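S.K.: data-v6.pdb (PDB, C-alpha atoms) pasted underneath:
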MODEL        1
ATOM      1  CA  MET V   1       7.464 -87.041 -37.111
ATOM      2  CA  LYS V   2       5.752 -84.125 -38.764
ATOM      3  CA  ALA V   3       3.163 -81.555 -37.852
ATOM      4  CA  ARG V   4       1.275 -79.197 -40.085
ATOM      5  CA  VAL V   5       0.195 -75.880 -38.662
ATOM      6  CA  PHE V   6      -2.633 -74.065 -40.407
ATOM      7  CA  VAL V   7      -2.784 -70.365 -39.610
ATOM      8  CA  THR V   8      -5.970 -68.573 -40.611
ATOM      9  CA  LEU V   9      -7.394 -65.130 -40.004
ATOM     10  CA  LYS V  10     -10.081 -64.982 -37.337
ATOM     11  CA  ALA V  11     -13.642 -64.589 -38.507
ATOM     12  CA  GLY V  12     -14.492 -60.947 -39.007
ATOM     13  CA  VAL V  13     -10.893 -59.886 -39.608
ATOM     14  CA  LEU V  14     -10.678 -58.211 -42.995
ATOM     15  CA  ASP V  15      -8.557 -60.210 -45.418
ATOM     16  CA  PRO V  16      -7.392 -57.920 -48.236
ATOM     17  CA  GLN V  17      -5.315 -60.703 -49.815
ATOM     18  CA  GLY V  18      -8.324 -63.007 -49.895
ATOM     19  CA  LYS V  19     -10.322 -60.200 -51.501
ATOM     20  CA  ALA V  20      -7.654 -59.696 -54.167
ATOM     21  CA  ILE V  21      -7.582 -63.425 -54.935
ATOM     22  CA  HIS V  22     -11.370 -63.392 -55.160
ATOM     23  CA  HIS V  23     -11.276 -60.509 -57.653
ATOM     24  CA  ALA V  24      -8.613 -62.288 -59.693
ATOM     25  CA  LEU V  25     -10.716 -65.467 -59.810
ATOM     26  CA  GLU V  26     -13.696 -63.438 -60.985
ATOM     27  CA  GLY V  27     -11.459 -61.831 -63.604
ATOM     28  CA  LEU V  28     -10.677 -65.322 -64.896
ATOM     29  CA  GLY V  29     -14.358 -66.025 -65.219
ATOM     30  CA  PHE V  30     -14.811 -68.143 -62.090
ATOM     31  CA  ASP V  31     -18.046 -66.637 -60.868
ATOM     32  CA  GLY V  32     -18.980 -69.402 -58.445
ATOM     33  CA  VAL V  33     -16.813 -68.147 -55.583
ATOM     34  CA  ARG V  34     -18.616 -66.454 -52.699
ATOM     35  CA  ASP V  35     -15.612 -65.509 -50.568
ATOM     36  CA  VAL V  36     -11.879 -66.205 -50.286
ATOM     37  CA  ARG V  37      -9.808 -66.277 -47.110
ATOM     38  CA  ALA V  38      -6.047 -66.741 -47.412
ATOM     39  CA  GLY V  39      -4.000 -68.402 -44.706
ATOM     40  CA  LYS V  40      -0.656 -70.109 -44.170
ATOM     41  CA  LEU V  41       0.478 -73.690 -43.934
ATOM     42  CA  ILE V  42       3.640 -74.261 -41.916
ATOM     43  CA  GLU V  43       5.171 -77.753 -41.951
ATOM     44  CA  LEU V  44       7.306 -78.759 -38.992
ATOM     45  CA  GLU V  45       9.702 -81.686 -39.012
ATOM     46  CA  LEU V  46       9.806 -82.632 -35.343
ATOM     47  CA  ALA V  47      12.195 -84.609 -33.197
ATOM     48  CA  ASP V  48      10.644 -87.767 -31.733
ATOM     49  CA  GLY V  49       8.888 -87.092 -28.474
ATOM     50  CA  THR V  50       7.997 -83.448 -29.219
ATOM     51  CA  THR V  51       4.745 -83.004 -27.340
ATOM     52  CA  ASP V  52       1.493 -81.519 -28.586
ATOM     53  CA  SER V  53       1.757 -78.850 -25.947
ATOM     54  CA  ALA V  54       5.217 -77.864 -27.212
ATOM     55  CA  VAL V  55       3.842 -77.427 -30.733
ATOM     56  CA  GLU V  56       0.942 -75.439 -29.360
ATOM     57  CA  GLU V  57       3.383 -73.192 -27.527
ATOM     58  CA  MET V  58       5.301 -72.645 -30.789
ATOM     59  CA  CYS V  59       2.043 -71.488 -32.359
ATOM     60  CA  ARG V  60       1.195 -69.119 -29.522
ATOM     61  CA  LYS V  61       4.695 -67.679 -29.225
ATOM     62  CA  LEU V  62       5.550 -67.229 -32.887
ATOM     63  CA  LEU V  63       3.732 -69.038 -35.666
ATOM     64  CA  ALA V  64       0.379 -67.310 -35.189
ATOM     65  CA  ASN V  65      -0.512 -63.839 -33.952
ATOM     66  CA  THR V  66      -3.503 -64.729 -31.814
ATOM     67  CA  VAL V  67      -4.718 -61.125 -31.897
ATOM     68  CA  ILE V  68      -5.837 -61.692 -35.480
ATOM     69  CA  GLU V  69      -5.193 -65.350 -36.296
ATOM     70  CA  ASN V  70      -6.342 -68.821 -35.315
ATOM     71  CA  PHE V  71      -4.206 -71.903 -35.664
ATOM     72  CA  ARG V  72      -4.876 -75.597 -36.057
ATOM     73  CA  ILE V  73      -2.289 -78.326 -35.612
ATOM     74  CA  GLU V  74      -2.413 -81.533 -37.594
ATOM     75  CA  ARG V  75      -0.060 -84.356 -36.671
ATOM     76  CA  VAL V  76       1.298 -86.378 -39.574
ATOM     77  CA  ALA V  77       2.606 -89.832 -38.779
TER      78      ALA V  77
ATOM     79  CA  MET C   1      19.507 -37.607 -23.566
ATOM     80  CA  ASN C   2      21.214 -40.956 -23.978
ATOM     81  CA  SER C   3      19.359 -42.712 -26.773
ATOM     82  CA  ALA C   4      19.551 -46.084 -28.475
ATOM     83  CA  VAL C   5      18.349 -47.170 -31.913
ATOM     84  CA  ILE C   6      17.768 -50.883 -32.366
ATOM     85  CA  VAL C   7      19.019 -52.335 -35.650
ATOM     86  CA  PHE C   8      17.587 -55.532 -37.121
ATOM     87  CA  PRO C   9      18.642 -57.248 -40.336
ATOM     88  CA  GLY C  10      16.455 -55.446 -42.871
ATOM     89  CA  SER C  11      15.996 -52.225 -40.909
ATOM     90  CA  ASN C  12      16.409 -49.366 -43.364
ATOM     91  CA  CYS C  13      15.393 -46.235 -41.461
ATOM     92  CA  ASP C  14      17.839 -46.737 -38.606
ATOM     93  CA  ARG C  15      20.239 -44.145 -40.000
ATOM     94  CA  ASP C  16      17.434 -41.655 -40.701
ATOM     95  CA  LEU C  17      16.284 -42.005 -37.109
ATOM     96  CA  ALA C  18      19.839 -41.660 -35.793
ATOM     97  CA  VAL C  19      20.366 -38.476 -37.831
ATOM     98  CA  ALA C  20      17.049 -37.028 -36.639
ATOM     99  CA  LEU C  21      17.927 -37.786 -33.018
ATOM    100  CA  GLU C  22      21.404 -36.331 -33.338
ATOM    101  CA  THR C  23      20.029 -33.228 -35.083
ATOM    102  CA  VAL C  24      17.492 -32.540 -32.356
ATOM    103  CA  ILE C  25      19.208 -33.761 -29.207
ATOM    104  CA  GLY C  26      22.779 -33.020 -30.233
ATOM    105  CA  ARG C  27      24.136 -36.418 -29.339
ATOM    106  CA  LYS C  28      24.618 -39.535 -31.438
ATOM    107  CA  PRO C  29      22.455 -42.464 -30.365
ATOM    108  CA  HIS C  30      23.900 -45.886 -29.598
ATOM    109  CA  MET C  31      23.186 -48.208 -32.513
ATOM    110  CA  VAL C  32      22.283 -51.546 -30.901
ATOM    111  CA  TRP C  33      22.352 -54.747 -32.972
ATOM    112  CA  HIS C  34      19.395 -57.083 -32.430
ATOM    113  CA  ARG C  35      21.603 -59.910 -31.155
ATOM    114  CA  GLU C  36      22.650 -57.904 -28.124
ATOM    115  CA  THR C  37      21.014 -58.975 -24.884
ATOM    116  CA  GLU C  38      21.507 -55.711 -23.003
ATOM    117  CA  LEU C  39      21.079 -52.040 -23.749
ATOM    118  CA  PRO C  40      23.961 -49.658 -23.107
ATOM    119  CA  ALA C  41      23.936 -48.432 -19.505
ATOM    120  CA  GLY C  42      21.879 -45.336 -18.799
ATOM    121  CA  VAL C  43      19.826 -45.367 -21.983
ATOM    122  CA  ASP C  44      16.837 -43.075 -21.474
ATOM    123  CA  PHE C  45      15.186 -43.405 -24.876
ATOM    124  CA  ILE C  46      14.844 -46.326 -27.303
ATOM    125  CA  GLY C  47      13.920 -45.968 -30.974
ATOM    126  CA  ILE C  48      12.786 -48.897 -33.094
ATOM    127  CA  PRO C  49      13.199 -47.885 -36.716
ATOM    128  CA  GLY C  50      11.304 -48.568 -39.905
ATOM    129  CA  GLY C  51      12.294 -51.010 -42.571
ATOM    130  CA  PHE C  52      11.619 -54.620 -43.399
ATOM    131  CA  SER C  53      13.175 -56.538 -40.528
ATOM    132  CA  TYR C  54      13.774 -60.164 -41.556
ATOM    133  CA  GLY C  55      12.183 -59.389 -44.917
ATOM    134  CA  ASP C  56       8.756 -59.278 -43.235
ATOM    135  CA  TYR C  57       8.900 -63.090 -43.076
ATOM    136  CA  LEU C  58       5.965 -64.773 -41.320
ATOM    137  CA  ARG C  59       4.355 -61.431 -40.391
ATOM    138  CA  SER C  60       5.767 -57.893 -40.425
ATOM    139  CA  GLY C  61       7.773 -57.461 -37.227
ATOM    140  CA  ALA C  62       7.168 -61.031 -36.030
ATOM    141  CA  MET C  63      10.759 -62.245 -36.096
ATOM    142  CA  ALA C  64      12.256 -58.986 -34.831
ATOM    143  CA  ALA C  65       9.872 -59.014 -31.871
ATOM    144  CA  ARG C  66      11.497 -62.293 -30.735
ATOM    145  CA  SER C  67      15.078 -61.017 -31.118
ATOM    146  CA  PRO C  68      17.277 -61.193 -28.004
ATOM    147  CA  ILE C  69      17.423 -57.394 -27.618
ATOM    148  CA  MET C  70      13.634 -57.149 -27.399
ATOM    149  CA  ARG C  71      13.660 -58.685 -23.943
ATOM    150  CA  ALA C  72      15.874 -55.833 -22.794
ATOM    151  CA  VAL C  73      13.603 -53.347 -24.584
ATOM    152  CA  ALA C  74      10.526 -54.823 -22.869
ATOM    153  CA  ASN C  75      12.260 -54.616 -19.477
ATOM    154  CA  ALA C  76      13.261 -51.010 -20.099
ATOM    155  CA  ALA C  77       9.725 -50.153 -21.243
ATOM    156  CA  GLY C  78       8.446 -51.748 -18.035
ATOM    157  CA  ARG C  79      10.696 -49.423 -16.035
ATOM    158  CA  GLY C  80       9.191 -46.432 -17.854
ATOM    159  CA  VAL C  81      11.929 -45.736 -20.416
ATOM    160  CA  PRO C  82      10.289 -44.043 -23.443
ATOM    161  CA  VAL C  83      10.149 -46.270 -26.522
ATOM    162  CA  LEU C  84       9.197 -45.035 -30.006
ATOM    163  CA  GLY C  85       8.451 -47.531 -32.767
ATOM    164  CA  ILE C  86       8.105 -46.088 -36.254
ATOM    165  CA  CYS C  87       6.507 -48.039 -39.123
ATOM    166  CA  ASN C  88       8.159 -51.467 -38.926
ATOM    167  CA  GLY C  89       9.032 -50.451 -35.352
ATOM    168  CA  PHE C  90       5.287 -50.101 -34.624
ATOM    169  CA  GLN C  91       4.729 -53.564 -36.116
ATOM    170  CA  VAL C  92       7.531 -54.929 -33.919
ATOM    171  CA  LEU C  93       5.984 -53.371 -30.789
ATOM    172  CA  THR C  94       2.562 -54.917 -31.469
ATOM    173  CA  GLU C  95       4.144 -58.296 -32.229
ATOM    174  CA  ALA C  96       6.142 -58.040 -28.997
ATOM    175  CA  GLY C  97       2.958 -57.364 -27.055
ATOM    176  CA  LEU C  98       4.139 -53.920 -25.918
ATOM    177  CA  LEU C  99       1.233 -52.335 -27.783
ATOM    178  CA  PRO C 100      -2.207 -53.855 -28.450
ATOM    179  CA  GLY C 101      -3.652 -54.760 -31.833
ATOM    180  CA  ALA C 102      -2.008 -55.695 -35.104
ATOM    181  CA  LEU C 103      -0.946 -54.073 -38.368
ATOM    182  CA  MET C 104      -2.376 -55.830 -41.367
ATOM    183  CA  ARG C 105      -2.035 -55.490 -45.135
ATOM    184  CA  ASN C 106      -3.311 -52.087 -46.361
ATOM    185  CA  SER C 107      -6.965 -52.388 -47.327
ATOM    186  CA  GLY C 108      -6.175 -51.039 -50.807
ATOM    187  CA  LEU C 109      -3.496 -53.754 -51.135
ATOM    188  CA  THR C 110      -0.935 -51.293 -52.470
ATOM    189  CA  PHE C 111       2.200 -49.934 -50.836
ATOM    190  CA  VAL C 112       1.376 -46.373 -49.759
ATOM    191  CA  CYS C 113       4.262 -43.903 -49.966
ATOM    192  CA  ARG C 114       3.296 -40.236 -49.644
ATOM    193  CA  PRO C 115       2.946 -37.409 -47.142
ATOM    194  CA  VAL C 116      -0.295 -37.737 -45.172
ATOM    195  CA  HIS C 117      -2.228 -35.380 -42.936
ATOM    196  CA  LEU C 118      -2.435 -36.414 -39.310
ATOM    197  CA  LYS C 119      -4.474 -35.017 -36.479
ATOM    198  CA  VAL C 120      -2.656 -34.842 -33.155
ATOM    199  CA  GLU C 121      -5.259 -36.341 -30.841
ATOM    200  CA  ASN C 122      -3.434 -36.249 -27.531
ATOM    201  CA  THR C 123      -0.837 -33.626 -26.637
ATOM    202  CA  GLN C 124      -0.420 -34.881 -23.066
ATOM    203  CA  THR C 125       2.035 -37.638 -23.955
ATOM    204  CA  LEU C 126       5.799 -37.852 -23.570
ATOM    205  CA  PHE C 127       6.060 -37.524 -27.334
ATOM    206  CA  THR C 128       3.448 -34.974 -28.375
ATOM    207  CA  SER C 129       3.739 -32.127 -25.866
ATOM    208  CA  GLN C 130       5.090 -29.711 -28.494
ATOM    209  CA  TYR C 131       2.018 -30.001 -30.701
ATOM    210  CA  ARG C 132      -1.239 -28.110 -30.251
ATOM    211  CA  ALA C 133      -4.352 -30.134 -29.428
ATOM    212  CA  GLY C 134      -6.206 -31.046 -32.599
ATOM    213  CA  GLU C 135      -3.415 -29.661 -34.767
ATOM    214  CA  GLU C 136      -3.099 -31.101 -38.242
ATOM    215  CA  ILE C 137       0.428 -31.990 -39.283
ATOM    216  CA  THR C 138       1.941 -33.561 -42.392
ATOM    217  CA  ILE C 139       4.227 -36.584 -42.055
ATOM    218  CA  PRO C 140       5.260 -39.100 -44.735
ATOM    219  CA  VAL C 141       4.128 -42.719 -44.673
ATOM    220  CA  ALA C 142       5.754 -45.608 -46.565
ATOM    221  CA  HIS C 143       4.220 -48.967 -45.797
ATOM    222  CA  HIS C 144       2.367 -51.998 -47.074
ATOM    223  CA  ASP C 145       1.136 -53.260 -43.702
ATOM    224  CA  GLY C 146      -0.201 -50.241 -41.871
ATOM    225  CA  ASN C 147      -3.824 -51.209 -41.485
ATOM    226  CA  TYR C 148      -4.269 -51.029 -37.711
ATOM    227  CA  GLN C 149      -6.819 -53.492 -36.345
ATOM    228  CA  ALA C 150      -7.858 -54.483 -32.843
ATOM    229  CA  ASP C 151     -10.986 -55.956 -31.299
ATOM    230  CA  SER C 152     -13.794 -53.553 -30.415
ATOM    231  CA  ASP C 153     -13.046 -53.649 -26.661
ATOM    232  CA  THR C 154      -9.425 -52.681 -27.287
ATOM    233  CA  LEU C 155     -10.448 -49.884 -29.657
ATOM    234  CA  ALA C 156     -12.953 -48.573 -27.103
ATOM    235  CA  ARG C 157     -10.288 -48.647 -24.399
ATOM    236  CA  LEU C 158      -7.728 -46.848 -26.611
ATOM    237  CA  GLU C 159     -10.262 -44.130 -27.420
ATOM    238  CA  GLY C 160     -11.587 -43.850 -23.863
ATOM    239  CA  GLU C 161      -8.135 -43.552 -22.349
ATOM    240  CA  GLY C 162      -6.875 -41.018 -24.883
ATOM    241  CA  ARG C 163      -4.313 -43.455 -26.191
ATOM    242  CA  VAL C 164      -4.796 -42.588 -29.854
ATOM    243  CA  ALA C 165      -1.907 -40.163 -30.343
ATOM    244  CA  PHE C 166      -2.295 -39.589 -34.089
ATOM    245  CA  ARG C 167      -5.169 -40.144 -36.486
ATOM    246  CA  TYR C 168      -5.153 -39.961 -40.301
ATOM    247  CA  SER C 169      -7.255 -37.076 -41.597
ATOM    248  CA  GLY C 170      -8.147 -38.968 -44.772
ATOM    249  CA  GLU C 171      -8.229 -42.571 -45.915
ATOM    250  CA  VAL C 172      -4.740 -44.104 -46.036
ATOM    251  CA  ASN C 173      -4.717 -47.830 -45.337
ATOM    252  CA  GLY C 174      -8.023 -48.949 -43.852
ATOM    253  CA  SER C 175      -6.981 -48.601 -40.192
ATOM    254  CA  ALA C 176      -9.739 -48.966 -37.623
ATOM    255  CA  HIS C 177     -10.790 -45.510 -36.389
ATOM    256  CA  SER C 178      -8.153 -44.098 -38.826
ATOM    257  CA  ILE C 179      -5.541 -44.820 -36.157
ATOM    258  CA  ALA C 180      -2.010 -43.795 -37.146
ATOM    259  CA  GLY C 181      -0.324 -44.013 -33.746
ATOM    260  CA  ILE C 182      -1.095 -45.247 -30.235
ATOM    261  CA  ILE C 183       0.518 -45.227 -26.828
ATOM    262  CA  ASN C 184       0.586 -47.987 -24.221
ATOM    263  CA  ASP C 185      -1.372 -47.757 -20.970
ATOM    264  CA  ALA C 186       1.625 -46.427 -19.041
ATOM    265  CA  GLY C 187       2.116 -43.740 -21.702
ATOM    266  CA  ASN C 188       5.808 -44.351 -22.370
ATOM    267  CA  VAL C 189       5.571 -46.475 -25.528
ATOM    268  CA  LEU C 190       4.412 -44.904 -28.804
ATOM    269  CA  GLY C 191       3.947 -46.799 -32.049
ATOM    270  CA  MET C 192       3.162 -44.933 -35.257
ATOM    271  CA  MET C 193       3.156 -45.792 -38.951
ATOM    272  CA  PRO C 194       4.117 -42.310 -40.262
ATOM    273  CA  HIS C 195       7.814 -41.364 -40.253
ATOM    274  CA  PRO C 196       8.506 -38.235 -38.154
ATOM    275  CA  GLU C 197      12.252 -38.694 -38.740
ATOM    276  CA  ARG C 198      11.636 -37.904 -42.414
ATOM    277  CA  ALA C 199      10.231 -34.471 -41.568
ATOM    278  CA  VAL C 200      12.895 -32.902 -39.379
ATOM    279  CA  GLU C 201      15.073 -30.645 -41.543
ATOM    280  CA  ALA C 202      14.110 -27.912 -44.012
ATOM    281  CA  ALA C 203      15.665 -30.005 -46.781
ATOM    282  CA  HIS C 204      12.986 -32.647 -46.120
ATOM    283  CA  GLY C 205      10.448 -30.085 -47.350
ATOM    284  CA  ASN C 206       8.569 -30.186 -44.062
ATOM    285  CA  THR C 207       9.599 -30.115 -40.422
ATOM    286  CA  ASP C 208       6.393 -31.259 -38.703
ATOM    287  CA  GLY C 209       8.142 -34.329 -37.279
ATOM    288  CA  ARG C 210      10.802 -32.330 -35.514
ATOM    289  CA  ARG C 211       8.578 -31.325 -32.580
ATOM    290  CA  LEU C 212       8.041 -34.973 -31.661
ATOM    291  CA  PHE C 213      11.764 -35.317 -30.958
ATOM    292  CA  GLU C 214      11.856 -31.879 -29.290
ATOM    293  CA  GLY C 215       8.973 -32.885 -27.013
ATOM    294  CA  LEU C 216      10.734 -36.100 -26.167
ATOM    295  CA  LEU C 217      13.949 -34.234 -25.375
ATOM    296  CA  GLU C 218      12.072 -31.886 -23.117
ATOM    297  CA  THR C 219      10.256 -34.602 -21.168
ATOM    298  CA  VAL C 220      13.250 -36.931 -20.894
ATOM    299  CA  ALA C 221      15.622 -34.139 -19.891
ATOM    300  CA  ALA C 222      13.141 -32.771 -17.306
TER     301      ALA C 222
ENDMDL
END
Any chance you could put this one into structure tokens?

M.R.:
Amino acid sequence: MKARVFVTLKAGVLDPQGKAIHHALEGLGFDGVRDVRAGKLIELELADGTTDSAVEEMCRKLLANTVIENFRIERVA
Amino acid sequence: MNSAVIVFPGSNCDRDLAVALETVIGRKPHMVWHRETELPAGVDFIGIPGGFSYGDYLRSGAMAARSPIMRAVANAAGRGVPVLGICNGFQVLTEAGLLPGALMRNSGLTFVCRPVHLKVENTQTLFTSQYRAGEEITIPVAHHDGNYQADSDTLARLEGEGRVAFRYSGEVNGSAHSIAGIINDAGNVLGMMPHPERAVEAAHGNTDGRRLFEGLLETVAA
């Protein structure tokens, strides 16, 4: 059983890494990009029976800093 | 003063902080490994040093903030024991929820390593009583993630309650309101990105950081 956790910066939080990636893309000639936001993907290999609420607690307690980040959990069969 | 310096894997300013404390207070601090679950008895000051605890994995300070010793640090802070987090120590304190906000990648994206000018905004704290109100001091910074951010309500509260202890005089890292250091609502926890322990002895070229430790000694000893 697997879960994927996507951690992204909240809207309005400045993302200097996203900005740098955007500049680099423009430097390569990709001028069709309006904005870039960088986030993290964390893959969890879970023991059978691990509940959604347990995964959510992992996100709140460690995987995301909810002061600046949002998280989304995707279960993978 | 019976002080403790917390040591995480990847801390690299723990010795600097220990030397600064010993120089000013005349007594060696306890060096406390992060796996400990209790602080030495009678500790009346806790320092959380700079460095790159856990290689800054996940987020700067994130792993260290969940170390066993941090529960004891949080309990001590709750009892009013003064806690000073410098640089990575500031990041650890925000990640541990002992200070509000977060420290993000510098807005200029580069590691900033130079002396900076700071304005002492509040001299009525446990840590800043030896400075003059509005005084400008010079303290070195050395960080990649020093860009202090918090939501507008938190920033308004910090400003309204005089909890901004130090503010950068010029642009350094993109911090909201040019915040360089803040205290908690009880006033006994200070987090700051600049390194006062690197400005203690004449050989450092500048001794503006020394009065922070002197002020602490005075308030803790009183």

S.K.: Which one of C:Leu155, C:Ala150, C:Leu98, C:Ala74 sits closest to chain V if you count all atoms listed in the file?

M.R.: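 Of all the options, C:Ala150 lies closest to chain V.
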
S.K.: Decode the ChimeraX specification (/V :<8) & /C for the given file into explicit residues and return them as number ranges by chain.

M.R.: C: 58, 62-63, 95, 101-102, 105-109, 150

S.K.: Just how far from CA of His143 (chain C) is CA of Pro9 (chain C), in Å to one decimal?

M.R.: 17.5 Å

S.K.: Expand the PyMOL selection byres ((chain V and resi 39) around 8) into the explicit residue set it covers here, and present it as a ChimeraX atom specification.

M.R.: /V:6-9,37-38,40-41

S.K.: Could you please determine the separation between CA of Ile139 (chain C) and CA of Pro115 (chain C) in Å, to one decimal place?

M.R.: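 Taking CA of Ile139 (chain C) and CA of Pro115 (chain C), their separation equals 5.3 Å.
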
S.K.: Between CA of Phe90 (chain C) and CA of Ser60 (chain C), measure the distance and give it in Å to one decimal.

M.R.: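 Pair CA of Phe90 (chain C) / CA of Ser60 (chain C) returns 9.7 Å.
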